[in-house]
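Structure data follow from upload.cif (mmCIF, N, CA and C atoms):
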data_data
loop_
_atom_site.label_atom_id
_atom_site.label_comp_id
_atom_site.auth_asym_id
_atom_site.auth_seq_id
_atom_site.Cartn_x
_atom_site.Cartn_y
_atom_site.Cartn_z
N MET A 1 -120.39 25.10 102.97
CA MET A 1 -121.56 25.10 102.09
C MET A 1 -121.18 24.36 100.81
N GLU A 2 -122.04 23.43 100.34
CA GLU A 2 -121.80 22.68 99.12
C GLU A 2 -122.18 23.52 97.91
N LEU A 3 -121.56 23.19 96.77
CA LEU A 3 -121.89 23.85 95.52
C LEU A 3 -123.37 23.69 95.23
N GLY A 4 -124.05 24.79 94.95
CA GLY A 4 -125.47 24.74 94.64
C GLY A 4 -126.37 24.97 95.84
N GLN A 5 -125.81 25.00 97.07
CA GLN A 5 -126.61 25.27 98.24
C GLN A 5 -126.53 26.75 98.58
N ALA A 6 -127.62 27.29 99.09
CA ALA A 6 -127.66 28.70 99.46
C ALA A 6 -127.37 28.86 100.94
N ASP A 7 -126.63 29.89 101.28
CA ASP A 7 -126.41 30.28 102.67
C ASP A 7 -127.65 31.06 103.10
N ALA A 8 -128.25 30.70 104.21
CA ALA A 8 -129.50 31.33 104.66
C ALA A 8 -129.33 32.82 104.87
N THR A 9 -128.10 33.28 105.07
CA THR A 9 -127.88 34.71 105.30
C THR A 9 -127.56 35.47 104.01
N MET A 10 -127.46 34.78 102.88
CA MET A 10 -127.12 35.42 101.62
C MET A 10 -128.32 36.24 101.11
N PRO A 11 -128.13 37.52 100.78
CA PRO A 11 -129.24 38.33 100.25
C PRO A 11 -129.77 37.71 98.95
N SER A 12 -131.06 37.90 98.69
CA SER A 12 -131.69 37.27 97.52
C SER A 12 -131.03 37.69 96.22
N GLU A 13 -130.58 38.93 96.09
CA GLU A 13 -129.92 39.36 94.86
C GLU A 13 -128.60 38.62 94.66
N ALA A 14 -127.84 38.45 95.73
CA ALA A 14 -126.58 37.71 95.65
C ALA A 14 -126.85 36.24 95.34
N LEU A 15 -127.90 35.70 95.91
CA LEU A 15 -128.27 34.32 95.63
C LEU A 15 -128.62 34.16 94.16
N ALA A 16 -129.38 35.09 93.60
CA ALA A 16 -129.75 35.04 92.18
C ALA A 16 -128.50 35.09 91.31
N LEU A 17 -127.55 35.95 91.64
CA LEU A 17 -126.30 36.03 90.87
C LEU A 17 -125.50 34.74 90.98
N ALA A 18 -125.49 34.15 92.17
CA ALA A 18 -124.78 32.89 92.36
C ALA A 18 -125.41 31.77 91.53
N MET A 19 -126.73 31.74 91.46
CA MET A 19 -127.42 30.72 90.67
C MET A 19 -127.13 30.89 89.18
N VAL A 20 -127.07 32.14 88.70
CA VAL A 20 -126.72 32.39 87.30
C VAL A 20 -125.31 31.90 87.03
N ALA A 21 -124.39 32.17 87.94
CA ALA A 21 -123.01 31.73 87.77
C ALA A 21 -122.93 30.21 87.74
N LEU A 22 -123.68 29.52 88.61
CA LEU A 22 -123.68 28.06 88.60
C LEU A 22 -124.24 27.50 87.31
N ALA A 23 -125.25 28.16 86.75
CA ALA A 23 -125.85 27.69 85.50
C ALA A 23 -124.87 27.81 84.35
N ALA A 24 -123.82 28.61 84.51
CA ALA A 24 -122.84 28.78 83.45
C ALA A 24 -121.74 27.71 83.52
N LEU A 25 -121.76 26.86 84.55
CA LEU A 25 -120.77 25.80 84.67
C LEU A 25 -121.22 24.57 83.90
N PRO A 26 -120.27 23.79 83.39
CA PRO A 26 -120.65 22.54 82.71
C PRO A 26 -121.39 21.61 83.67
N GLN A 27 -122.33 20.89 83.16
CA GLN A 27 -123.09 19.91 83.95
C GLN A 27 -123.00 18.56 83.24
N ARG A 28 -122.65 17.53 83.96
CA ARG A 28 -122.54 16.18 83.41
C ARG A 28 -123.56 15.30 84.11
N ILE A 29 -124.36 14.61 83.33
CA ILE A 29 -125.43 13.76 83.87
C ILE A 29 -125.29 12.35 83.29
N GLU A 30 -125.44 11.36 84.12
CA GLU A 30 -125.53 9.97 83.67
C GLU A 30 -127.00 9.61 83.54
N ALA A 31 -127.44 9.32 82.33
CA ALA A 31 -128.85 9.01 82.10
C ALA A 31 -129.32 7.85 82.97
N SER A 32 -128.49 6.84 83.12
CA SER A 32 -128.90 5.65 83.88
C SER A 32 -129.09 5.95 85.37
N ASP A 33 -128.55 7.07 85.85
CA ASP A 33 -128.72 7.44 87.26
C ASP A 33 -130.02 8.21 87.51
N GLN A 34 -130.71 8.60 86.45
CA GLN A 34 -131.93 9.41 86.60
C GLN A 34 -133.14 8.49 86.72
N PRO A 35 -134.11 8.85 87.54
CA PRO A 35 -135.29 7.98 87.72
C PRO A 35 -136.14 7.90 86.45
N LEU A 36 -136.71 6.75 86.23
CA LEU A 36 -137.64 6.54 85.13
C LEU A 36 -139.02 6.97 85.62
N GLU A 37 -139.64 7.93 84.92
CA GLU A 37 -140.92 8.50 85.33
C GLU A 37 -142.00 8.18 84.29
N GLY A 38 -143.25 8.46 84.65
CA GLY A 38 -144.36 8.31 83.72
C GLY A 38 -144.80 6.87 83.54
N GLY A 39 -145.57 6.67 82.46
CA GLY A 39 -146.03 5.34 82.12
C GLY A 39 -147.23 4.85 82.90
N ASP A 40 -147.69 5.62 83.89
CA ASP A 40 -148.78 5.14 84.71
C ASP A 40 -150.03 6.02 84.64
N ASP A 41 -150.08 6.94 83.69
CA ASP A 41 -151.26 7.80 83.53
C ASP A 41 -151.84 7.60 82.14
N PRO A 42 -152.98 6.90 82.03
CA PRO A 42 -153.55 6.61 80.71
C PRO A 42 -153.98 7.86 79.94
N ALA A 43 -154.00 9.01 80.58
CA ALA A 43 -154.39 10.25 79.90
C ALA A 43 -153.36 10.67 78.86
N PHE A 44 -152.09 10.25 79.02
CA PHE A 44 -151.09 10.69 78.05
C PHE A 44 -150.41 9.56 77.31
N GLY A 45 -150.71 8.32 77.62
CA GLY A 45 -150.10 7.19 76.92
C GLY A 45 -149.20 6.41 77.86
N THR A 46 -148.35 5.58 77.26
CA THR A 46 -147.53 4.67 78.05
C THR A 46 -146.06 5.06 78.09
N VAL A 47 -145.69 6.18 77.50
CA VAL A 47 -144.30 6.62 77.46
C VAL A 47 -143.74 6.81 78.87
N ARG A 48 -142.46 6.51 79.00
CA ARG A 48 -141.73 6.79 80.25
C ARG A 48 -140.54 7.66 79.87
N TRP A 49 -139.99 8.39 80.82
CA TRP A 49 -138.89 9.28 80.49
C TRP A 49 -137.94 9.45 81.65
N ARG A 50 -136.74 9.88 81.30
CA ARG A 50 -135.70 10.24 82.26
C ARG A 50 -135.32 11.69 81.98
N THR A 51 -135.52 12.56 82.95
CA THR A 51 -135.15 13.97 82.79
C THR A 51 -133.66 14.11 83.01
N LEU A 52 -132.97 14.72 82.06
CA LEU A 52 -131.53 14.91 82.17
C LEU A 52 -131.18 16.33 82.62
N PHE A 53 -131.69 17.33 81.93
CA PHE A 53 -131.43 18.72 82.29
C PHE A 53 -132.75 19.44 82.48
N CYS A 54 -132.90 20.09 83.62
CA CYS A 54 -134.09 20.84 83.97
C CYS A 54 -133.72 21.68 85.19
N ALA A 55 -133.99 22.97 85.16
CA ALA A 55 -133.55 23.87 86.23
C ALA A 55 -134.07 23.47 87.61
N ASP A 56 -135.14 22.69 87.67
CA ASP A 56 -135.63 22.20 88.96
C ASP A 56 -134.69 21.15 89.57
N ARG A 57 -133.91 20.48 88.71
CA ARG A 57 -133.10 19.35 89.17
C ARG A 57 -131.60 19.56 88.97
N THR A 58 -131.23 20.38 88.02
CA THR A 58 -129.83 20.60 87.70
C THR A 58 -129.55 22.10 87.66
N GLN A 59 -128.31 22.46 87.81
CA GLN A 59 -127.93 23.87 87.76
C GLN A 59 -127.76 24.28 86.30
N THR A 60 -128.87 24.29 85.57
CA THR A 60 -128.88 24.62 84.15
C THR A 60 -130.01 25.59 83.87
N GLY A 61 -129.97 26.19 82.71
CA GLY A 61 -131.03 27.10 82.30
C GLY A 61 -131.13 27.13 80.79
N GLY A 62 -132.31 27.45 80.31
CA GLY A 62 -132.52 27.63 78.88
C GLY A 62 -132.83 26.37 78.10
N VAL A 63 -132.71 25.21 78.74
CA VAL A 63 -132.97 23.97 78.02
C VAL A 63 -133.49 22.90 78.99
N VAL A 64 -134.48 22.17 78.50
CA VAL A 64 -134.95 20.95 79.17
C VAL A 64 -134.62 19.82 78.20
N MET A 65 -133.99 18.77 78.71
CA MET A 65 -133.63 17.65 77.87
C MET A 65 -133.84 16.36 78.63
N GLY A 66 -134.32 15.36 77.92
CA GLY A 66 -134.52 14.06 78.54
C GLY A 66 -134.55 12.97 77.50
N ILE A 67 -134.72 11.76 77.97
CA ILE A 67 -134.84 10.60 77.10
C ILE A 67 -136.20 9.98 77.34
N ALA A 68 -136.96 9.83 76.25
CA ALA A 68 -138.26 9.16 76.31
C ALA A 68 -138.06 7.70 75.91
N GLU A 69 -138.72 6.81 76.63
CA GLU A 69 -138.59 5.37 76.38
C GLU A 69 -139.98 4.77 76.17
N PHE A 70 -140.12 4.07 75.06
CA PHE A 70 -141.39 3.45 74.69
C PHE A 70 -141.20 1.94 74.60
N ALA A 71 -142.08 1.20 75.24
CA ALA A 71 -142.11 -0.25 75.07
C ALA A 71 -142.64 -0.54 73.66
N PRO A 72 -142.54 -1.78 73.19
CA PRO A 72 -143.12 -2.11 71.88
C PRO A 72 -144.58 -1.66 71.81
N GLY A 73 -144.91 -0.90 70.77
CA GLY A 73 -146.27 -0.39 70.60
C GLY A 73 -146.64 0.72 71.56
N GLY A 74 -145.69 1.21 72.35
CA GLY A 74 -145.96 2.27 73.33
C GLY A 74 -146.37 3.57 72.67
N THR A 75 -147.04 4.43 73.43
CA THR A 75 -147.61 5.64 72.85
C THR A 75 -147.35 6.89 73.71
N LEU A 76 -147.34 8.00 73.02
CA LEU A 76 -147.51 9.33 73.61
C LEU A 76 -148.67 9.91 72.82
N LEU A 77 -149.80 10.08 73.47
CA LEU A 77 -151.02 10.47 72.77
C LEU A 77 -150.90 11.87 72.17
N PRO A 78 -151.70 12.15 71.11
CA PRO A 78 -151.63 13.45 70.44
C PRO A 78 -151.87 14.60 71.42
N HIS A 79 -151.01 15.60 71.30
CA HIS A 79 -151.04 16.74 72.20
C HIS A 79 -150.38 17.93 71.54
N ARG A 80 -150.46 19.07 72.23
CA ARG A 80 -149.81 20.30 71.80
C ARG A 80 -149.17 20.96 73.01
N HIS A 81 -148.21 21.81 72.75
CA HIS A 81 -147.65 22.71 73.76
C HIS A 81 -147.02 23.88 73.04
N SER A 82 -146.96 25.02 73.72
CA SER A 82 -146.49 26.25 73.08
C SER A 82 -145.04 26.20 72.62
N PRO A 83 -144.11 25.71 73.42
CA PRO A 83 -142.74 25.73 72.90
C PRO A 83 -142.53 24.68 71.82
N ALA A 84 -141.63 25.00 70.90
CA ALA A 84 -141.19 24.00 69.92
C ALA A 84 -140.47 22.88 70.67
N GLU A 85 -140.28 21.78 69.97
CA GLU A 85 -139.59 20.63 70.57
C GLU A 85 -138.76 19.95 69.50
N VAL A 86 -137.68 19.32 69.92
CA VAL A 86 -136.85 18.54 69.01
C VAL A 86 -136.79 17.11 69.54
N TYR A 87 -136.98 16.15 68.63
CA TYR A 87 -136.79 14.74 68.93
C TYR A 87 -135.54 14.27 68.19
N PHE A 88 -134.80 13.34 68.80
CA PHE A 88 -133.68 12.70 68.13
C PHE A 88 -133.71 11.22 68.48
N GLY A 89 -133.88 10.37 67.46
CA GLY A 89 -133.99 8.93 67.66
C GLY A 89 -132.68 8.31 68.13
N LEU A 90 -132.77 7.44 69.15
CA LEU A 90 -131.60 6.76 69.69
C LEU A 90 -131.61 5.26 69.38
N GLU A 91 -132.76 4.61 69.59
CA GLU A 91 -132.88 3.16 69.38
C GLU A 91 -134.29 2.84 68.93
N GLY A 92 -134.43 1.77 68.15
CA GLY A 92 -135.75 1.30 67.75
C GLY A 92 -136.35 2.16 66.66
N ALA A 93 -137.67 2.10 66.56
CA ALA A 93 -138.38 2.85 65.52
C ALA A 93 -139.74 3.29 66.06
N ALA A 94 -140.25 4.34 65.45
CA ALA A 94 -141.56 4.87 65.83
C ALA A 94 -142.11 5.69 64.67
N VAL A 95 -143.37 5.99 64.78
CA VAL A 95 -144.01 6.93 63.87
C VAL A 95 -144.50 8.09 64.72
N VAL A 96 -144.09 9.30 64.34
CA VAL A 96 -144.56 10.51 64.99
C VAL A 96 -145.44 11.23 63.97
N THR A 97 -146.65 11.51 64.34
CA THR A 97 -147.57 12.23 63.46
C THR A 97 -147.64 13.67 63.95
N VAL A 98 -147.25 14.60 63.05
CA VAL A 98 -147.21 16.02 63.39
C VAL A 98 -148.19 16.75 62.47
N ASP A 99 -149.25 17.31 63.05
CA ASP A 99 -150.29 17.99 62.28
C ASP A 99 -150.75 17.16 61.08
N GLY A 100 -150.93 15.86 61.33
CA GLY A 100 -151.45 14.95 60.31
C GLY A 100 -150.40 14.37 59.37
N LEU A 101 -149.16 14.82 59.45
CA LEU A 101 -148.09 14.30 58.59
C LEU A 101 -147.31 13.23 59.34
N VAL A 102 -147.21 12.04 58.74
CA VAL A 102 -146.52 10.91 59.36
C VAL A 102 -145.01 11.08 59.17
N GLN A 103 -144.29 11.01 60.27
CA GLN A 103 -142.83 11.16 60.27
C GLN A 103 -142.20 9.90 60.86
N PRO A 104 -141.62 9.01 60.03
CA PRO A 104 -140.94 7.84 60.59
C PRO A 104 -139.68 8.26 61.35
N MET A 105 -139.44 7.63 62.48
CA MET A 105 -138.28 7.94 63.31
C MET A 105 -137.47 6.67 63.55
N GLY A 106 -136.18 6.84 63.66
CA GLY A 106 -135.27 5.76 63.99
C GLY A 106 -133.98 6.36 64.51
N PRO A 107 -132.98 5.53 64.79
CA PRO A 107 -131.71 6.03 65.29
C PRO A 107 -131.09 7.03 64.31
N GLY A 108 -130.65 8.15 64.85
CA GLY A 108 -130.00 9.17 64.02
C GLY A 108 -130.94 10.12 63.32
N THR A 109 -132.25 9.96 63.49
CA THR A 109 -133.22 10.84 62.85
C THR A 109 -133.59 11.96 63.81
N ALA A 110 -133.52 13.21 63.32
CA ALA A 110 -133.93 14.37 64.11
C ALA A 110 -135.23 14.91 63.55
N LEU A 111 -136.10 15.37 64.44
CA LEU A 111 -137.39 15.92 64.04
C LEU A 111 -137.65 17.20 64.83
N PHE A 112 -137.89 18.30 64.12
CA PHE A 112 -138.28 19.56 64.74
C PHE A 112 -139.79 19.63 64.74
N ILE A 113 -140.38 19.90 65.89
CA ILE A 113 -141.84 20.02 66.02
C ILE A 113 -142.14 21.46 66.38
N PRO A 114 -142.80 22.20 65.49
CA PRO A 114 -143.10 23.61 65.77
C PRO A 114 -144.00 23.76 66.99
N GLY A 115 -143.90 24.90 67.64
CA GLY A 115 -144.78 25.20 68.77
C GLY A 115 -146.24 25.10 68.36
N ASP A 116 -147.07 24.55 69.22
CA ASP A 116 -148.50 24.38 69.06
C ASP A 116 -148.91 23.40 67.96
N ALA A 117 -147.96 22.67 67.38
CA ALA A 117 -148.31 21.62 66.41
C ALA A 117 -148.80 20.39 67.17
N GLU A 118 -149.89 19.81 66.70
CA GLU A 118 -150.37 18.57 67.33
C GLU A 118 -149.42 17.44 66.93
N HIS A 119 -148.99 16.66 67.91
CA HIS A 119 -148.11 15.53 67.61
C HIS A 119 -148.32 14.40 68.61
N GLY A 120 -148.11 13.20 68.12
CA GLY A 120 -148.23 12.00 68.94
C GLY A 120 -147.27 10.96 68.40
N THR A 121 -146.94 9.98 69.23
CA THR A 121 -145.93 8.98 68.88
C THR A 121 -146.46 7.58 69.15
N VAL A 122 -146.17 6.66 68.22
CA VAL A 122 -146.45 5.24 68.40
C VAL A 122 -145.16 4.49 68.09
N ALA A 123 -144.68 3.73 69.06
CA ALA A 123 -143.44 2.97 68.90
C ALA A 123 -143.66 1.74 68.04
N GLY A 124 -142.59 1.31 67.39
CA GLY A 124 -142.63 0.09 66.59
C GLY A 124 -142.56 -1.16 67.45
N PRO A 125 -142.46 -2.32 66.79
CA PRO A 125 -142.51 -3.60 67.51
C PRO A 125 -141.32 -3.87 68.43
N ASP A 126 -140.24 -3.12 68.26
CA ASP A 126 -139.07 -3.29 69.14
C ASP A 126 -138.94 -2.16 70.16
N GLY A 127 -139.94 -1.30 70.23
CA GLY A 127 -139.87 -0.16 71.14
C GLY A 127 -139.10 0.99 70.50
N PHE A 128 -138.92 2.05 71.27
CA PHE A 128 -138.27 3.25 70.75
C PHE A 128 -137.69 4.05 71.91
N ARG A 129 -136.50 4.60 71.71
CA ARG A 129 -135.89 5.55 72.66
C ARG A 129 -135.49 6.78 71.88
N MET A 130 -135.78 7.94 72.46
CA MET A 130 -135.42 9.19 71.78
C MET A 130 -135.04 10.25 72.81
N LEU A 131 -134.23 11.17 72.35
CA LEU A 131 -133.89 12.36 73.11
C LEU A 131 -134.93 13.41 72.78
N TYR A 132 -135.36 14.18 73.76
CA TYR A 132 -136.27 15.31 73.50
C TYR A 132 -135.69 16.56 74.13
N VAL A 133 -135.94 17.71 73.50
CA VAL A 133 -135.39 18.97 73.95
C VAL A 133 -136.43 20.07 73.82
N PHE A 134 -136.58 20.87 74.87
CA PHE A 134 -137.43 22.07 74.87
C PHE A 134 -136.57 23.29 75.18
N PRO A 135 -136.84 24.44 74.56
CA PRO A 135 -136.11 25.66 74.90
C PRO A 135 -136.74 26.37 76.10
N ARG A 136 -136.72 25.73 77.24
CA ARG A 136 -137.28 26.27 78.48
C ARG A 136 -136.32 25.95 79.62
N ASP A 137 -136.50 26.61 80.74
CA ASP A 137 -135.68 26.32 81.92
C ASP A 137 -136.16 25.06 82.63
N ARG A 138 -137.49 24.90 82.72
CA ARG A 138 -138.08 23.82 83.51
C ARG A 138 -139.15 23.09 82.71
N PHE A 139 -139.23 21.78 82.94
CA PHE A 139 -140.27 20.98 82.29
C PHE A 139 -141.66 21.48 82.70
N SER A 140 -141.78 21.99 83.92
CA SER A 140 -143.08 22.49 84.39
C SER A 140 -143.56 23.70 83.59
N GLU A 141 -142.69 24.32 82.80
CA GLU A 141 -143.07 25.45 81.95
C GLU A 141 -143.69 25.00 80.63
N VAL A 142 -143.74 23.69 80.39
CA VAL A 142 -144.31 23.13 79.16
C VAL A 142 -145.69 22.59 79.51
N GLU A 143 -146.73 23.28 79.07
CA GLU A 143 -148.10 22.87 79.36
C GLU A 143 -148.62 21.98 78.24
N TYR A 144 -148.79 20.70 78.54
CA TYR A 144 -149.32 19.74 77.57
C TYR A 144 -150.84 19.89 77.49
N ARG A 145 -151.34 19.99 76.26
CA ARG A 145 -152.78 20.03 76.01
C ARG A 145 -153.12 18.84 75.11
N PHE A 146 -153.68 17.79 75.71
CA PHE A 146 -153.96 16.56 74.97
C PHE A 146 -155.23 16.72 74.14
N SER A 147 -155.18 16.16 72.94
CA SER A 147 -156.30 16.22 72.01
C SER A 147 -157.39 15.25 72.46
N PRO A 148 -158.65 15.61 72.22
CA PRO A 148 -159.73 14.67 72.56
C PRO A 148 -159.61 13.40 71.70
N LEU A 149 -159.90 12.28 72.29
CA LEU A 149 -159.85 11.01 71.55
C LEU A 149 -161.15 10.72 70.84
#

What does the file become when written as structure tokens?
Amino acid sequence: MELGQADATMPSEALALAMVALAALPQRIEASDQPLEGGDDPAFGTVRWRTLFCADRTQTGGVVMGIAEFAPGGTLLPHRHSPAEVYFGLEGAAVVTVDGLVQPMGPGTALFIPGDAEHGTVAGPDGFRMLYVFPRDRFSEVEYRFSPL
């Protein structure tokens, strides 16, 4: 049996304990090996992302982390979600508007977005890459509620 695979005969309680133990092990991810998702649904903008840590894909818990990638002028339309979120600028520049307050972003800039705060992003002329983090096990636990245009 490979690490992370369940034995069909393992009782569910033992399986749950094994999964907790696996989540306690270090996990190393290469961002370039992760698929680029998004960018094809006009309901949320043109942003694309690579999921790095998410309990659906990795043996991790308590955190969802990924890299969002914006082409020049790319967008993530204004939205809300219950969990707080952290952005950390990696490359390029963008403007993130949080509850009406304009927050310039660039490499090395961190931004805390409180839960349920309306926020949206517009990339600068050279595009923008940022790390994003949610305090959840799975990305599917973050319900995006987009603002009417």

Could you write out as JSON the box around segment 116-130 of chain A (axis-aligned, all atoms listed in the file, 8 Å on each side), with centre and edge lengths in Å to one decimal?
{"center_x": -142.7, "center_y": 10.3, "center_z": 69.6, "size_x": 31.3, "size_y": 44.4, "size_z": 22.4}

**Message:** If DSSP is run on the backbone, what residues of chain A are helix (DSSP H, G or I)? A reply as a ChimeraX atom specification would be ideal.
**Reply:** /A:12-23,31-33,139-141

**Message:** Is it possible to get the residues within 5 Å of (-140.0, 0.0, 71.7) (coordinates as in the file, counting only N, CA and C atoms) written as a PyMOL selection string?
**Reply:** chain A and resi 70-72+126-128

**Complete:** Taken to one decimal, the atom CA of Gly38 of chain A-atom CA of Pro104 of chain A distance is 23.4 Å

**Message:** On this structure, the PyMOL selection byres ((chain A and resi 65) around 6) would catch which residues? List them as a ChimeraX atom specification, sorted by chain and number.
**Reply:** /A:50-54,63-64,66-67,132-134

**Shell around Val142 of chain A at 6.5 Å using only N, CA and C atoms, local window under 6 positions removed, as a PyMOL selection string** = chain A and resi 81-83

**Message:** Using Å and a single decimal, report how far atom CA of Arg48 of chain A sits from atom CA of Asp33 of chain A.
**Reply:** 14.8 Å

**Message:** Ranking A:Gln103, A:Thr46, A:Gln59, A:Thr97 by minimum distance to Gln27 of chain A and counting all atoms listed in the file, which one comes first?
**Reply:** A:Gln59

**Prompt:** In Å, how far is it from atom N of Ala55 of chain A to atom CA of Phe146 of chain A?
**Reply:** 23.3 Å

**Request:** Compare A:Gly92, A:Thr109, A:Asp56, A:Leu36 by their minimum atom-to-atom distance to Phe139 of chain A, counting all atoms listed in the file, and give me the closest one.
**Result:** A:Asp56

**Prompt:** Evaluating the PyMOL selection byres (((chain A and resi 89 and name CA) around 9) and name CA) on the displayed file yields which residues, as a VMD selection string?
**Reply:** chain A and resid 87 to 88 90 to 94 105 to 111 128 to 132

**Message:** I want to know what sits within 8 Å of Val96 of chain A, based on all atoms listed in the file, with residues of the same chain fewer than 3 positions away left out; could you give that as a list of chain:residue names?
**Reply:**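 Once the nearby chain positions are removed, what remains is A:Ala93, A:Asp99, A:Gly100, A:Leu101, A:Val102, A:Gln103, A:Pro104, A:Met105, A:Glu118, A:His119, A:Gly120, A:Thr121, A:Val122, A:Ala123.
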
**Request:** Give the answer as one residue: which of A:Pro148, A:Pro78, A:Gly73, A:Gly61 has the shortest atom-to-atom distance to Arg136 of chain A, using all atoms listed in the file?
**Result:** A:Gly61

**Request:** Determine the residue set returned by the PyMOL selection byres ((chain A and resi 77) around 5) for the present structure, and present it as a list in words.
**Result:**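 This file, filtered by the PyMOL selection byres ((chain A and resi 77) around 5), leaves Phe44, Gly45, Thr75, Leu76, Pro78, His79 and Gly120 of chain A.
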
Generate the output file for the selected residues, N, CA and C atoms, as a PDB file, in the frame of the given file.
ATOM      1  N   PHE A  44    -152.090  10.250  79.020  1.00  0.00           N
ATOM      2  CA  PHE A  44    -151.090  10.690  78.050  1.00  0.00           C
ATOM      3  C   PHE A  44    -150.410   9.560  77.310  1.00  0.00           C
ATOM      4  N   GLY A  45    -150.710   8.320  77.620  1.00  0.00           N
ATOM      5  CA  GLY A  45    -150.100   7.190  76.920  1.00  0.00           C
ATOM      6  C   GLY A  45    -149.200   6.410  77.860  1.00  0.00           C
ATOM      7  N   THR A  75    -147.040   4.430  73.430  1.00  0.00           N
ATOM      8  CA  THR A  75    -147.610   5.640  72.850  1.00  0.00           C
ATOM      9  C   THR A  75    -147.350   6.890  73.710  1.00  0.00           C
ATOM     10  N   LEU A  76    -147.340   8.000  73.020  1.00  0.00           N
ATOM     11  CA  LEU A  76    -147.510   9.330  73.610  1.00  0.00           C
ATOM     12  C   LEU A  76    -148.670   9.910  72.820  1.00  0.00           C
ATOM     13  N   PRO A  78    -151.700  12.150  71.110  1.00  0.00           N
ATOM     14  CA  PRO A  78    -151.630  13.450  70.440  1.00  0.00           C
ATOM     15  C   PRO A  78    -151.870  14.600  71.420  1.00  0.00           C
ATOM     16  N   HIS A  79    -151.010  15.600  71.300  1.00  0.00           N
ATOM     17  CA  HIS A  79    -151.040  16.740  72.200  1.00  0.00           C
ATOM     18  C   HIS A  79    -150.380  17.930  71.540  1.00  0.00           C
ATOM     19  N   GLY A 120    -148.110  13.200  68.120  1.00  0.00           N
ATOM     20  CA  GLY A 120    -148.230  12.000  68.940  1.00  0.00           C
ATOM     21  C   GLY A 120    -147.270  10.960  68.400  1.00  0.00           C
TER      22      GLY A 120
END

**Request:** Go through A:Val98, A:Val47, A:Gly39, A:Glu85 one by one, measure the shortest atom-to-atom distance of each to Glu69 of chain A using all atoms listed in the file, and give the residue with the smallest value.
**Result:**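 Under the stated criterion, the closest residue is A:Val47.
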
**Residue nearest Gly62 of chain A - candidates A:Pro26, A:Ser140, A:Ser147, A:Pro135, atoms counted: all atoms listed in the file** =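 Among the listed residues, A:Pro135 lies closest to Gly62 of chain A.
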